[in-house]
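Asker: Next up, start_7.pdb (PDB, C-alpha atoms).
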```pdb
ATOM      1  CA  MET C   1      12.900  -8.152  33.727
ATOM      2  CA  ILE C   2      16.596  -9.113  33.817
ATOM      3  CA  ALA C   3      17.317  -6.188  31.495
ATOM      4  CA  ALA C   4      15.244  -3.926  33.736
ATOM      5  CA  LEU C   5      17.243  -4.920  36.797
ATOM      6  CA  VAL C   6      20.493  -4.263  34.944
ATOM      7  CA  VAL C   7      19.446  -0.608  34.553
ATOM      8  CA  VAL C   8      19.334   0.000  38.274
ATOM      9  CA  GLY C   9      22.440  -2.035  39.038
ATOM     10  CA  ARG C  10      24.834  -0.938  36.316
ATOM     11  CA  PRO C  11      27.832   1.183  37.443
ATOM     12  CA  ASP C  12      27.952   3.566  34.482
ATOM     13  CA  LEU C  13      26.596   4.345  31.015
ATOM     14  CA  ARG C  14      28.021   2.586  27.981
ATOM     15  CA  ILE C  15      27.559   5.442  25.490
ATOM     16  CA  ASP C  16      28.922   8.958  25.932
ATOM     17  CA  ASP C  17      25.774  10.488  24.398
ATOM     18  CA  ALA C  18      23.936   9.500  27.584
ATOM     19  CA  TYR C  19      26.102  11.929  29.541
ATOM     20  CA  ILE C  20      25.107  14.678  27.108
ATOM     21  CA  THR C  21      21.494  13.979  28.050
ATOM     22  CA  LEU C  22      22.335  14.282  31.749
ATOM     23  CA  HIS C  23      24.152  17.565  31.094
ATOM     24  CA  ASN C  24      21.183  18.886  29.102
ATOM     25  CA  ALA C  25      18.738  17.939  31.860
ATOM     26  CA  ARG C  26      20.868  19.787  34.389
ATOM     27  CA  THR C  27      21.034  22.797  32.038
ATOM     28  CA  LEU C  28      17.268  22.811  31.527
ATOM     29  CA  LEU C  29      16.605  22.897  35.252
ATOM     30  CA  ALA C  30      19.176  25.696  35.631
ATOM     31  CA  GLY C  31      17.227  27.946  33.261
ATOM     32  CA  GLY C  32      17.833  26.514  29.791
ATOM     33  CA  ALA C  33      21.011  28.403  28.807
ATOM     34  CA  ASP C  34      24.289  26.496  28.926
ATOM     35  CA  PRO C  35      26.921  28.667  30.661
ATOM     36  CA  ALA C  36      29.730  26.381  29.505
ATOM     37  CA  TYR C  37      29.066  26.898  25.794
ATOM     38  CA  ALA C  38      28.030  30.306  24.474
ATOM     39  CA  GLY C  39      24.802  30.208  22.505
ATOM     40  CA  SER C  40      23.946  26.666  23.559
ATOM     41  CA  THR C  41      20.706  25.672  25.257
ATOM     42  CA  ALA C  42      19.342  22.578  26.945
ATOM     43  CA  LEU C  43      18.275  21.154  23.580
ATOM     44  CA  THR C  44      21.662  21.654  21.920
ATOM     45  CA  GLY C  45      22.972  18.173  21.209
ATOM     46  CA  ALA C  46      19.687  16.575  22.258
ATOM     47  CA  THR C  47      17.801  14.343  19.832
ATOM     48  CA  SER C  48      14.790  13.522  22.012
ATOM     49  CA  ALA C  49      12.949  16.348  23.737
ATOM     50  CA  VAL C  50      10.510  13.829  25.253
ATOM     51  CA  HIS C  51      13.262  11.786  26.872
ATOM     52  CA  LEU C  52      15.044  14.906  28.103
ATOM     53  CA  LEU C  53      11.932  16.357  29.724
ATOM     54  CA  ALA C  54      11.080  13.024  31.345
ATOM     55  CA  ILE C  55      14.473  12.965  33.060
ATOM     56  CA  ALA C  56      14.372  16.657  33.964
ATOM     57  CA  GLY C  57      10.916  16.246  35.497
ATOM     58  CA  LEU C  58      12.035  13.372  37.712
ATOM     59  CA  VAL C  59      15.157  15.286  38.763
ATOM     60  CA  LEU C  60      12.823  17.546  40.723
ATOM     61  CA  LEU C  61      12.259  14.546  42.989
ATOM     62  CA  LEU C  62      15.324  12.341  42.543
ATOM     63  CA  PRO C  63      19.088  12.612  41.954
ATOM     64  CA  LEU C  64      20.009  13.035  38.292
ATOM     65  CA  GLU C  65      21.483   9.564  37.740
ATOM     66  CA  THR C  66      18.586   7.891  39.570
ATOM     67  CA  ALA C  67      16.083   9.812  37.463
ATOM     68  CA  ASN C  68      17.826   8.620  34.301
ATOM     69  CA  ASP C  69      17.786   5.021  35.558
ATOM     70  CA  LEU C  70      14.102   5.236  36.441
ATOM     71  CA  VAL C  71      13.169   6.550  32.995
ATOM     72  CA  GLY C  72      15.139   3.676  31.480
ATOM     73  CA  LEU C  73      13.410   1.164  33.745
ATOM     74  CA  LEU C  74       9.943   2.518  32.922
ATOM     75  CA  ALA C  75      10.805   2.433  29.216
ATOM     76  CA  ILE C  76      11.734  -1.259  29.428
ATOM     77  CA  LEU C  77       8.535  -2.092  31.312
ATOM     78  CA  LEU C  78       6.456  -0.190  28.742
ATOM     79  CA  TYR C  79       8.271  -1.991  25.939
ATOM     80  CA  VAL C  80       7.649  -5.403  27.508
ATOM     81  CA  ALA C  81       3.995  -4.510  28.124
ATOM     82  CA  GLY C  82       3.653  -3.474  24.483
ATOM     83  CA  LEU C  83       5.170  -6.746  23.280
ATOM     84  CA  ASP C  84       2.901  -8.667  25.638
ATOM     85  CA  ARG C  85      -0.188  -6.947  24.245
ATOM     86  CA  MET C  86       1.110  -7.478  20.701
ATOM     87  CA  ALA C  87       1.386 -11.214  21.372
ATOM     88  CA  VAL C  88      -2.129 -11.388  22.840
ATOM     89  CA  GLN C  89      -3.612  -9.637  19.817
ATOM     90  CA  ALA C  90      -1.883 -12.015  17.396
ATOM     91  CA  GLY C  91      -2.489 -15.160  19.438
ATOM     92  CA  CYS C  92       1.173 -16.106  19.711
ATOM     93  CA  SER C  93       3.290 -17.035  22.706
ATOM     94  CA  ARG C  94       3.839 -14.034  24.966
ATOM     95  CA  VAL C  95       7.052 -15.483  26.409
ATOM     96  CA  VAL C  96       8.498 -16.129  22.949
ATOM     97  CA  LEU C  97       7.727 -12.646  21.637
ATOM     98  CA  ILE C  98       9.052 -10.905  24.749
ATOM     99  CA  CYS C  99      12.252 -12.988  24.651
ATOM    100  CA  LEU C 100      12.728 -12.061  21.012
ATOM    101  CA  GLY C 101      12.126  -8.407  21.828
ATOM    102  CA  LEU C 102      14.639  -8.335  24.667
ATOM    103  CA  LEU C 103      17.354 -10.574  23.241
ATOM    104  CA  ALA C 104      17.444  -9.926  19.487
ATOM    105  CA  GLY C 105      20.813  -8.543  18.405
ATOM    106  CA  TYR C 106      22.182  -5.969  20.849
ATOM    107  CA  GLN C 107      18.708  -5.047  22.083
ATOM    108  CA  THR C 108      19.570  -5.788  25.714
ATOM    109  CA  LEU C 109      22.420  -3.278  25.576
ATOM    110  CA  HIS C 110      20.312  -0.684  23.779
ATOM    111  CA  LEU C 111      17.619  -0.837  26.437
ATOM    112  CA  VAL C 112      20.081   0.090  29.177
ATOM    113  CA  ASN C 113      22.234   2.619  27.287
ATOM    114  CA  GLY C 114      20.860   5.659  29.147
ATOM    115  CA  LEU C 115      19.389   7.132  25.944
ATOM    116  CA  GLU C 116      15.919   7.315  24.411
ATOM    117  CA  THR C 117      16.257   3.963  22.621
ATOM    118  CA  GLY C 118      14.051   2.101  25.094
ATOM    119  CA  LEU C 119      11.356   4.775  25.011
ATOM    120  CA  ALA C 120      11.424   4.761  21.212
ATOM    121  CA  ALA C 121      11.061   0.965  21.106
ATOM    122  CA  ALA C 122       8.162   1.130  23.559
ATOM    123  CA  ALA C 123       6.436   3.922  21.618
ATOM    124  CA  ILE C 124       6.778   1.997  18.345
ATOM    125  CA  ALA C 125       5.365  -1.159  19.905
ATOM    126  CA  TRP C 126       2.377   0.667  21.399
ATOM    127  CA  SER C 127       1.688   2.691  18.240
ATOM    128  CA  LEU C 128       1.227  -0.608  16.378
ATOM    129  CA  VAL C 129      -0.745  -2.199  19.205
ATOM    130  CA  LEU C 130      -3.052   0.855  19.376
ATOM    131  CA  ARG C 131      -3.357   1.152  15.583
ATOM    132  CA  ASP C 132      -7.166   1.326  15.796
ATOM    133  CA  ALA C 133      -7.407   3.152  19.124
ATOM    134  CA  ARG C 134      -9.279   6.416  19.455
ATOM    135  CA  TRP C 135      -6.305   8.192  21.023
ATOM    136  CA  LEU C 136      -3.615   6.947  18.627
ATOM    137  CA  PRO C 137      -3.265  10.449  17.063
ATOM    138  CA  VAL C 138      -1.932  11.772  20.378
ATOM    139  CA  LEU C 139       0.844   9.192  20.347
ATOM    140  CA  CYS C 140       1.517   9.856  16.655
ATOM    141  CA  GLY C 141       1.825  13.596  17.319
ATOM    142  CA  THR C 142       4.451  12.868  19.974
ATOM    143  CA  LEU C 143       6.516  10.251  18.095
ATOM    144  CA  PRO C 144       8.646  12.686  16.010
ATOM    145  CA  PHE C 145       9.822  14.403  19.194
ATOM    146  CA  LEU C 146      10.878  11.124  20.718
ATOM    147  CA  ARG C 147      13.042  10.488  17.662
ATOM    148  CA  PRO C 148      12.694  12.483  14.394
ATOM    149  CA  GLU C 149      12.593   9.448  12.092
ATOM    150  CA  LEU C 150       9.490   8.165  13.894
ATOM    151  CA  ALA C 151       7.550  10.725  11.863
ATOM    152  CA  LEU C 152       7.883   8.135   9.082
ATOM    153  CA  LEU C 153       5.763   5.776  11.203
ATOM    154  CA  ALA C 154       3.370   8.360  12.599
ATOM    155  CA  LEU C 155       2.358   9.688   9.180
ATOM    156  CA  PRO C 156       1.159   6.400   7.614
ATOM    157  CA  LEU C 157      -0.649   5.458  10.841
ATOM    158  CA  LEU C 158      -2.499   8.791  10.784
ATOM    159  CA  VAL C 159      -3.266   8.455   7.066
ATOM    160  CA  ARG C 160      -4.664   4.973   7.743
ATOM    161  CA  GLN C 161      -6.919   6.203  10.547
ATOM    162  CA  CYS C 162      -8.199   9.053   8.395
ATOM    163  CA  TRP C 163      -8.860   6.654   5.519
ATOM    164  CA  LEU C 164     -10.883   4.330   7.754
ATOM    165  CA  VAL C 165     -13.242   7.210   8.676
ATOM    166  CA  ARG C 166     -13.082   9.006   5.330
ATOM    167  CA  GLY C 167     -16.862   9.077   5.165
ATOM    168  CA  ALA C 168     -17.040  11.162   8.350
ATOM    169  CA  PRO C 169     -15.241  14.515   7.883
ATOM    170  CA  SER C 170     -15.706  15.383  11.556
ATOM    171  CA  GLN C 171     -13.728  12.278  12.545
ATOM    172  CA  VAL C 172     -10.949  13.120  10.095
ATOM    173  CA  LEU C 173     -10.817  16.616  11.588
ATOM    174  CA  ARG C 174     -10.721  15.146  15.099
ATOM    175  CA  ILE C 175      -7.775  12.874  14.231
ATOM    176  CA  THR C 176      -5.866  15.750  12.666
ATOM    177  CA  ALA C 177      -6.606  18.074  15.579
ATOM    178  CA  LEU C 178      -5.484  15.545  18.203
ATOM    179  CA  ALA C 179      -2.194  14.909  16.408
ATOM    180  CA  ALA C 180      -1.575  18.632  16.000
ATOM    181  CA  ALA C 181      -2.450  19.340  19.640
ATOM    182  CA  ALA C 182       0.058  16.714  20.772
ATOM    183  CA  ALA C 183       2.788  18.052  18.477
ATOM    184  CA  ILE C 184       2.414  21.816  18.994
ATOM    185  CA  PRO C 185       3.890  22.001  22.543
ATOM    186  CA  TRP C 186       6.985  20.083  21.387
ATOM    187  CA  VAL C 187       7.322  22.260  18.293
ATOM    188  CA  ALA C 188       7.109  25.382  20.461
ATOM    189  CA  PHE C 189       9.643  23.995  22.933
ATOM    190  CA  SER C 190      12.111  23.124  20.164
ATOM    191  CA  TRP C 191      11.675  26.481  18.438
ATOM    192  CA  MET C 192      12.094  28.406  21.672
ATOM    193  CA  MET C 193      15.262  26.543  22.610
ATOM    194  CA  THR C 194      16.976  26.123  19.234
ATOM    195  CA  GLY C 195      15.161  28.227  16.635
ATOM    196  CA  SER C 196      14.502  25.023  14.692
ATOM    197  CA  LEU C 197      11.582  22.628  14.416
ATOM    198  CA  VAL C 198      13.802  19.535  14.363
ATOM    199  CA  PRO C 199      16.973  18.587  16.270
ATOM    200  CA  ALA C 200      20.261  19.483  14.610
ATOM    201  CA  THR C 201      22.025  16.344  15.820
ATOM    202  CA  GLY C 202      21.251  14.285  12.724
ATOM    203  CA  GLY C 203      22.360  17.023  10.336
ATOM    204  CA  ALA C 204      25.556  17.528  12.321
ATOM    205  CA  LYS C 205      26.469  13.851  12.073
ATOM    206  CA  ILE C 206      25.670  13.751   8.352
ATOM    207  CA  ALA C 207      27.912  16.776   7.753
ATOM    208  CA  PHE C 208      30.727  15.463   9.970
ATOM    209  CA  PHE C 209      30.958  11.964   8.490
ATOM    210  CA  ALA C 210      30.229  13.211   4.942
ATOM    211  CA  GLU C 211      29.044   9.891   3.545
ATOM    212  CA  ALA C 212      26.292  11.315   1.326
ATOM    213  CA  PRO C 213      28.626  11.820  -1.707
ATOM    214  CA  LEU C 214      29.754   8.170  -1.676
ATOM    215  CA  PRO C 215      28.810   5.990  -4.683
ATOM    216  CA  LEU C 216      25.509   4.153  -4.231
ATOM    217  CA  ALA C 217      27.240   0.764  -4.357
ATOM    218  CA  ASP C 218      29.460   1.761  -1.424
ATOM    219  CA  LYS C 219      26.476   3.022   0.562
ATOM    220  CA  LEU C 220      24.595  -0.232   0.009
ATOM    221  CA  MET C 221      27.637  -2.248   1.077
ATOM    222  CA  ILE C 222      28.083  -0.201   4.278
ATOM    223  CA  ALA C 223      24.381  -0.418   5.180
ATOM    224  CA  SER C 224      24.234  -4.152   4.409
ATOM    225  CA  SER C 225      27.270  -4.757   6.581
ATOM    226  CA  ALA C 226      25.643  -2.887   9.475
ATOM    227  CA  ILE C 227      22.431  -4.890   9.158
ATOM    228  CA  LEU C 228      24.374  -8.149   9.036
ATOM    229  CA  HIS C 229      26.467  -7.281  12.100
ATOM    230  CA  SER C 230      23.393  -6.132  14.043
ATOM    231  CA  ALA C 231      22.484  -9.830  14.513
ATOM    232  CA  LEU C 232      18.835  -8.995  13.785
ATOM    233  CA  LEU C 233      18.426 -11.329  10.808
ATOM    234  CA  ILE C 234      16.721 -13.875  13.072
ATOM    235  CA  VAL C 235      13.711 -11.548  13.400
ATOM    236  CA  ALA C 236      13.845 -10.345   9.794
ATOM    237  CA  ILE C 237      11.172 -12.896   8.849
ATOM    238  CA  GLY C 238       8.765 -10.506  10.528
ATOM    239  CA  GLY C 239       9.064  -8.344   7.430
ATOM    240  CA  ILE C 240       7.039 -10.960   5.553
ATOM    241  CA  GLY C 241       4.452 -11.092   8.302
ATOM    242  CA  LEU C 242       3.902  -7.324   8.190
ATOM    243  CA  TRP C 243       1.861  -7.681   5.014
ATOM    244  CA  ARG C 244      -0.504 -10.089   6.800
ATOM    245  CA  ARG C 245      -1.259  -7.770   9.735
ATOM    246  CA  ARG C 246      -3.708  -4.880   9.952
ATOM    247  CA  ALA C 247      -1.626  -1.699   9.633
ATOM    248  CA  GLY C 248       1.429  -3.833   8.947
ATOM    249  CA  TRP C 249       2.006  -1.817   5.787
ATOM    250  CA  CYS C 250       2.562   1.247   7.996
ATOM    251  CA  GLY C 251       5.459  -0.530   9.677
ATOM    252  CA  ALA C 252       6.793  -1.662   6.306
ATOM    253  CA  ILE C 253       6.725   1.901   4.954
ATOM    254  CA  PHE C 254       8.543   3.098   8.066
ATOM    255  CA  LEU C 255      11.313   0.513   7.678
ATOM    256  CA  LEU C 256      11.739   1.093   3.950
ATOM    257  CA  ALA C 257      11.659   4.901   4.178
ATOM    258  CA  TRP C 258      13.888   5.119   7.239
ATOM    259  CA  LEU C 259      16.494   2.538   6.152
ATOM    260  CA  GLY C 260      16.418   3.915   2.621
ATOM    261  CA  SER C 261      17.026   7.502   3.702
ATOM    262  CA  ALA C 262      19.700   6.435   6.210
ATOM    263  CA  THR C 263      21.473   4.428   3.511
ATOM    264  CA  TRP C 264      21.332   7.393   1.158
ATOM    265  CA  VAL C 265      22.744  10.075   3.465
ATOM    266  CA  PHE C 266      24.484   8.324   6.379
ATOM    267  CA  PRO C 267      24.888   4.545   5.935
ATOM    268  CA  GLY C 268      27.735   4.287   8.442
ATOM    269  CA  GLY C 269      25.448   5.568  11.184
ATOM    270  CA  LEU C 270      23.558   2.277  11.115
ATOM    271  CA  SER C 271      26.590   0.567  12.664
ATOM    272  CA  HIS C 272      27.346   3.184  15.327
ATOM    273  CA  ASN C 273      27.112   2.234  18.997
ATOM    274  CA  TYR C 274      26.388  -1.455  18.431
ATOM    275  CA  CYS C 275      23.926  -0.684  15.609
ATOM    276  CA  ARG C 276      21.795   1.366  18.008
ATOM    277  CA  TYR C 277      19.560   2.930  15.385
ATOM    278  CA  LEU C 278      18.508  -0.493  14.123
ATOM    279  CA  ALA C 279      16.953  -1.197  17.528
ATOM    280  CA  GLU C 280      13.845   0.622  16.288
ATOM    281  CA  ALA C 281      13.324  -2.083  13.670
ATOM    282  CA  VAL C 282      12.859  -4.804  16.302
ATOM    283  CA  PRO C 283       9.301  -3.974  17.517
ATOM    284  CA  VAL C 284       8.165  -3.430  13.923
ATOM    285  CA  LEU C 285       9.541  -6.788  12.775
ATOM    286  CA  LEU C 286       8.087  -8.493  15.840
ATOM    287  CA  PHE C 287       4.679  -7.036  14.982
ATOM    288  CA  GLY C 288       4.914  -8.959  11.721
ATOM    289  CA  ALA C 289       6.499 -12.022  13.317
ATOM    290  CA  ALA C 290       3.702 -12.247  15.904
ATOM    291  CA  GLY C 291       1.296 -13.259  13.155
ATOM    292  CA  LEU C 292       3.658 -16.034  12.054
ATOM    293  CA  LEU C 293       4.405 -17.403  15.538
ATOM    294  CA  THR C 294       0.872 -18.487  16.398
ATOM    295  CA  ALA C 295       0.040 -21.509  18.572
ATOM    296  CA  GLU C 296       0.281 -24.017  15.728
ATOM    297  CA  ARG C 297       3.817 -22.813  14.990
ATOM    298  CA  ARG C 298       4.956 -22.761  18.623
ATOM    299  CA  ARG C 299       7.569 -25.470  18.094
ATOM    300  CA  VAL C 300       9.224 -23.414  15.356
ATOM    301  CA  ALA C 301       9.058 -20.363  17.625
ATOM    302  CA  CYS C 302      10.790 -22.206  20.465
ATOM    303  CA  VAL C 303      13.567 -23.330  18.116
ATOM    304  CA  ALA C 304      13.947 -19.704  16.997
ATOM    305  CA  VAL C 305      14.312 -18.555  20.598
ATOM    306  CA  LEU C 306      16.922 -21.235  21.325
ATOM    307  CA  CYS C 307      18.898 -20.140  18.264
ATOM    308  CA  LEU C 308      18.525 -16.534  19.402
ATOM    309  CA  VAL C 309      19.884 -17.286  22.867
ATOM    310  CA  GLY C 310      22.964 -18.899  21.299
ATOM    311  CA  LEU C 311      23.506 -15.947  18.983
ATOM    312  CA  GLN C 312      22.927 -13.495  21.806
ATOM    313  CA  ALA C 313      25.626 -15.131  23.947
ATOM    314  CA  ARG C 314      28.108 -14.551  21.114
ATOM    315  CA  THR C 315      26.811 -11.009  20.550
ATOM    316  CA  LEU C 316      27.203  -9.974  24.198
ATOM    317  CA  GLN C 317      30.618 -11.621  24.340
ATOM    318  CA  ALA C 318      31.711  -9.560  21.335
ATOM    319  CA  ALA C 319      30.348  -6.375  22.930
TER
END
```
Take the structure I supplied and represent it as structure tokens, if you would.

Answerer:
Amino acid sequence: MIAALVVVGRPDLRIDDAYITLHNARTLLAGGADPAYAGSTALTGATSAVHLLAIAGLVLLLPLETANDLVGLLAILLYVAGLDRMAVQAGCSRVVLICLGLLAGYQTLHLVNGLETGLAAAAIAWSLVLRDARWLPVLCGTLPFLRPELALLALPLLVRQCWLVRGAPSQVLRITALAAAAAIPWVAFSWMMTGSLVPATGGAKIAFFAEAPLPLADKLMIASSAILHSALLIVAIGGIGLWRRRAGWCGAIFLLAWLGSATWVFPGGLSHNYCRYLAEAVPVLLFGAAGLLTAERRRVACVAVLCLVGLQARTLQAA
């Protein structure tokens, strides 16, 4: 809740990309074409169509900056609610898991950066919480348009649901249809605005920084350095716990595929903006950690939180 209050009270945004989102929301409401840049539209430079539309929708009722703050606040509350439900399912301390989710690494800063990071964290948490839910395919169909790499989580979750009902073709068809129905409006929106099915922001950064040709050893060193400086090692034990949770392997595949591909084409990006992209690993690792931080291990969990608070004080001081 402290992080949520910071959203409303902060004087400005810490990352310049957040101002791009505000500009795009204003452009969308003005008709979609950007008069300042020939050939640009409201989705030019935007990574998350879901986040952009959420802000633009609220701008119909609120000032632009207030709408952005409210989306950020709602994202934090959804994230906390997802962590709370995750803790209840696993039988671990709700306070401990929520503290870990809000304080690990630079997570507090990421949640109030004015971008889609908070929404992405909330969506990841709820996709794992709702792993067996009837309407999970709707969330999975939306995930790639919240952030493109979340397709690497949506796909294994959908495959798992289809596998569980493999003896009922009608149920497999229903799962596929729901995911497609959720995705199609976003695909149409992206195609109409940009002529592409996926945002061009990732490709632009890969081309600009040109790290793909680097030797593999250099890429691994850069990625390892980013992970170390993210201060997330305290929740890394959750990676072990993933293999003990139902659908935990889906989270493991997401982490391996996403970090592997990022290391291969753009390892330096993992350290950008206080290691912002690594924020998506936190709810996945906590899903695994929740199974390890059960009641009988509460003393260990409390020690972990105390260590985390000490590390977080140093992290925020460095930021």

Asker: Determine the nearest neighbour of C:Pro283 from the options C:Val235, C:Leu70, C:Ala30, C:Cys162, counting only C-alpha atoms.

Answerer: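 The shortest atom-to-atom distance to C:Pro283 comes from C:Val235.
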
Asker: So, counting all atoms listed in the file, which residue among C:Ser48, C:Thr41, C:Ser224, C:Thr142 is closest to C:Leu29?

Answerer: C:Thr41

Asker: Could you spell out the hits of the PyMOL selection byres ((chain C and resi 236) around 9) on the shown file, as a VMD selection string?

Answerer: chain C and resid 232 to 235 237 to 240 282 285 to 286 289

Asker: Could you tell me how far atom CA of C:Leu111 lies from atom CA of C:Thr294, in Å and to one decimal?

Answerer: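 Those two atoms sit 26.3 Å apart.
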
Asker: Between C:Pro148, C:Leu61, C:Ala122, C:Val165, which has the minimum distance to C:Thr201 (counting only C-alpha atoms)?

Answerer: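 Nearest to C:Thr201: C:Pro148.
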
Asker: Would you write out, as a ChimeraX atom specification, every residue that the PyMOL selection byres ((chain C and resi 124) around 12) captures in this file?

Answerer: /C:75,78-80,82-83,86,117-123,125-131,136,139-140,142-144,146-147,149-154,157,250-251,254-255,279-287

Asker: Find the residues near C:Ala210: any atom within 12 Å, counting only C-alpha atoms, skip ones fewer than 6 places away on the same chain, and give them as a PyMOL selection string.

Answerer: chain C and resi 202-204+219+264-269

Asker: What is the distance, in Å and to one decimal place, between atom CA of C:Asp16 and atom CA of C:Ser271?

Answerer: 15.9 Å

Asker: Quick one: residues within 10 Å of C:Arg174, only C-alpha atoms, excluding same-chain residues fewer than 4 positions away - as JSON, numbers by chain?

Answerer: {"C": [134, 137, 162, 169, 170, 178, 179, 180]}

Asker: Let's have the selection written as a PDB file, keeping the file's coordinate frame, with C-alpha atoms.

Answerer:
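Written out: again20.pdb:
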```
ATOM      1  CA  ARG C 134      -9.279   6.416  19.455  1.00  0.00           C
ATOM      2  CA  PRO C 137      -3.265  10.449  17.063  1.00  0.00           C
ATOM      3  CA  CYS C 162      -8.199   9.053   8.395  1.00  0.00           C
ATOM      4  CA  PRO C 169     -15.241  14.515   7.883  1.00  0.00           C
ATOM      5  CA  SER C 170     -15.706  15.383  11.556  1.00  0.00           C
ATOM      6  CA  LEU C 178      -5.484  15.545  18.203  1.00  0.00           C
ATOM      7  CA  ALA C 179      -2.194  14.909  16.408  1.00  0.00           C
ATOM      8  CA  ALA C 180      -1.575  18.632  16.000  1.00  0.00           C
TER       9      ALA C 180
END
```

Asker: Kindly resolve the PyMOL selection byres ((chain C and resi 189-196) around 10) on the present coordinates and return the residues as a ChimeraX atom specification.

Answerer: /C:28,32-33,39-44,49,145,184-188,197-200

Asker: Under the rule that all atoms listed in the file are counted, which of C:Gly288, C:Gly91, C:Gly114, C:Gly105 is the nearest residue to C:Cys275?

Answerer: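 For C:Cys275, the nearest of the given residues is C:Gly105.
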
Asker: So for stretch 253-272 of chain C, what box centre and size do we get, axis-aligned, 3 Å extra on each of the six sides, every listed atom, Å to one decimal, as lines of an AutoDock Vina configuration file?

Answerer:
```
center_x = 17.2
center_y = 5.3
center_z = 8.2
size_x = 27.0
size_y = 15.6
size_z = 20.2
```
